[in-house]
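One structure is given here, and the rest of the page talks about it.
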Amino acid sequence: MTFAYWCLVFTIFLPLIWVGVAKVNGSGYDNSKPREWLAKLDGVGQRANWAQQNAYEAFPPFAAAVIIAHLTGAPQLTVDVLAGVFLAARIAHGIMYILDKPTFRSLIWLVGFGCTIALFMV
């Protein structure tokens, strides 16, 4: 498996990490109504939940881009570097979300999005 494919695997787990942060920073978790409970969080828990949602939204285009880059024979090193930068950006994005740093979060989001677009173009 290529490094880029491993980045896909690790990216799948990011929402789980962020929701874990949300759950640790809230009280009264009710597993029978997890979405309702998450929607009522505030502060760090709320931002971690938002990071979780954004991680789910960012994954499908990234996955498609990596797979298409492989199928079209893009240079492997380029695909690996772009996938690695995407993964690092998504980790940093979640951290900035949780720390309530919106300007840095948006800039980092742009880096990740740029990697996804670049993967489609290599």
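Every chain in the structure tokens has a letter given in the order shown (A, B, ...), and although residue numbers restart at 1 in each chain, ligands are simply numbered from 1 in the order shown.
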
Practice task
For Ile12 of chain A, work out the shell of residues within 12 Å, counting only C-alpha atoms and skipping chain neighbours fewer than 5 positions away, then give it as a list of chain:residue names.
Solution key: A:Tyr5, A:Trp6, A:Cys7, A:Ile17, A:Trp18, A:Gln52, A:Ala55, A:Tyr56, A:Glu57, A:Ala58, A:Phe59, A:Pro60, A:Phe62, A:Ala63, A:Leu87, A:Arg90, A:Ile91

Dump as a compact mmCIF listing (two decimals), in the first residue's frame, selection limited to C-alpha atoms:
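That gives us out-v4.txt:
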```
# COMPACT_ATOMS: atom_id res chain seq x y z
CA TYR A 5 -3.31 5.20 0.78
CA TRP A 6 -2.08 5.05 4.37
CA CYS A 7 -2.92 8.74 4.66
CA ILE A 17 -10.52 11.65 17.57
CA TRP A 18 -12.41 14.94 17.41
CA GLN A 52 -15.58 16.13 13.59
CA ALA A 55 -13.44 16.07 8.93
CA TYR A 56 -16.29 13.91 7.60
CA GLU A 57 -17.03 16.52 4.92
CA ALA A 58 -13.41 16.79 3.78
CA PHE A 59 -12.80 13.05 3.48
CA PRO A 60 -14.78 12.07 0.33
CA PHE A 62 -9.71 13.70 -0.67
CA ALA A 63 -10.32 9.97 -1.03
CA LEU A 87 -3.26 14.75 6.52
CA ARG A 90 -6.39 18.19 8.65
CA ILE A 91 -4.79 17.38 12.00
```

Exercise for the section: Compile the contact shell of His93 of chain A as an MDAnalysis selection string: residues with an atom at most 8 Å away, counting only C-alpha atoms, same-chain residues fewer than 5 positions apart removed. Expected result: chainID A and resid 51 104:106 108:109

Exercise for the section: Show which residues sit within 9 Å of Asp100 of chain A, as number ranges by chain. Count only C-alpha atoms, and ignore same-chain residues fewer than 5 positions away. Expected result: A: 43-44, 47, 95, 105

Problem - Close residues, Lys23 of chain A itself excluded, 9 Å, only C-alpha atoms, min 3 positions apart in chain, as JSON, numbers by chain - result: {"A": [18, 19, 20, 26, 27, 29, 38, 45, 48, 49]}

Atoms to include: N, CA and C atoms. Write the selected residues as a compact mmCIF listing (two decimals), in the first residue's frame.
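Result file follows (part-v3.txt):
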```txt
# COMPACT_ATOMS: atom_id res chain seq x y z
N TRP A 18 -11.76 13.68 17.06
CA TRP A 18 -12.41 14.94 17.41
C TRP A 18 -13.69 14.72 18.22
N VAL A 19 -14.46 13.70 17.89
CA VAL A 19 -15.67 13.44 18.70
C VAL A 19 -15.28 12.94 20.08
N GLY A 20 -14.16 12.26 20.19
CA GLY A 20 -13.67 11.85 21.51
C GLY A 20 -13.36 13.07 22.36
N GLY A 26 -17.67 17.31 27.57
CA GLY A 26 -19.09 17.49 27.88
C GLY A 26 -19.48 16.57 29.02
N SER A 27 -20.64 16.79 29.56
CA SER A 27 -21.10 15.91 30.64
C SER A 27 -22.50 15.41 30.31
N TYR A 29 -23.34 12.52 28.78
CA TYR A 29 -23.47 11.88 27.46
C TYR A 29 -24.56 10.81 27.48
N LEU A 38 -24.64 16.07 21.36
CA LEU A 38 -23.55 16.82 20.73
C LEU A 38 -24.00 18.22 20.31
N GLY A 45 -16.09 21.47 23.60
CA GLY A 45 -16.85 20.33 23.12
C GLY A 45 -17.57 20.63 21.82
N ALA A 48 -15.02 20.89 19.01
CA ALA A 48 -14.53 19.55 18.65
C ALA A 48 -15.57 18.82 17.81
N ASN A 49 -16.84 18.98 18.14
CA ASN A 49 -17.89 18.38 17.33
C ASN A 49 -17.90 18.98 15.93
```

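Among the candidates A:Leu16, A:Met1, A:Gln46, A:Ala83, the residue lying nearest to Ala64 of chain A is A:Ala83 (atoms considered: only C-alpha atoms).
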
Problem - From A:Val79, A:Ile68, A:Ala74, A:Ala88, residue lying nearest Leu14 of chain A [only C-alpha atoms] - result: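 Smallest separation from Leu14 of chain A among the options: A:Ala88.
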
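The nearest approach to Val66 of chain A among the residues A:Ala4, A:Val24, A:Leu99, A:Ala118, with only C-alpha atoms taken into account, belongs to A:Ala4.
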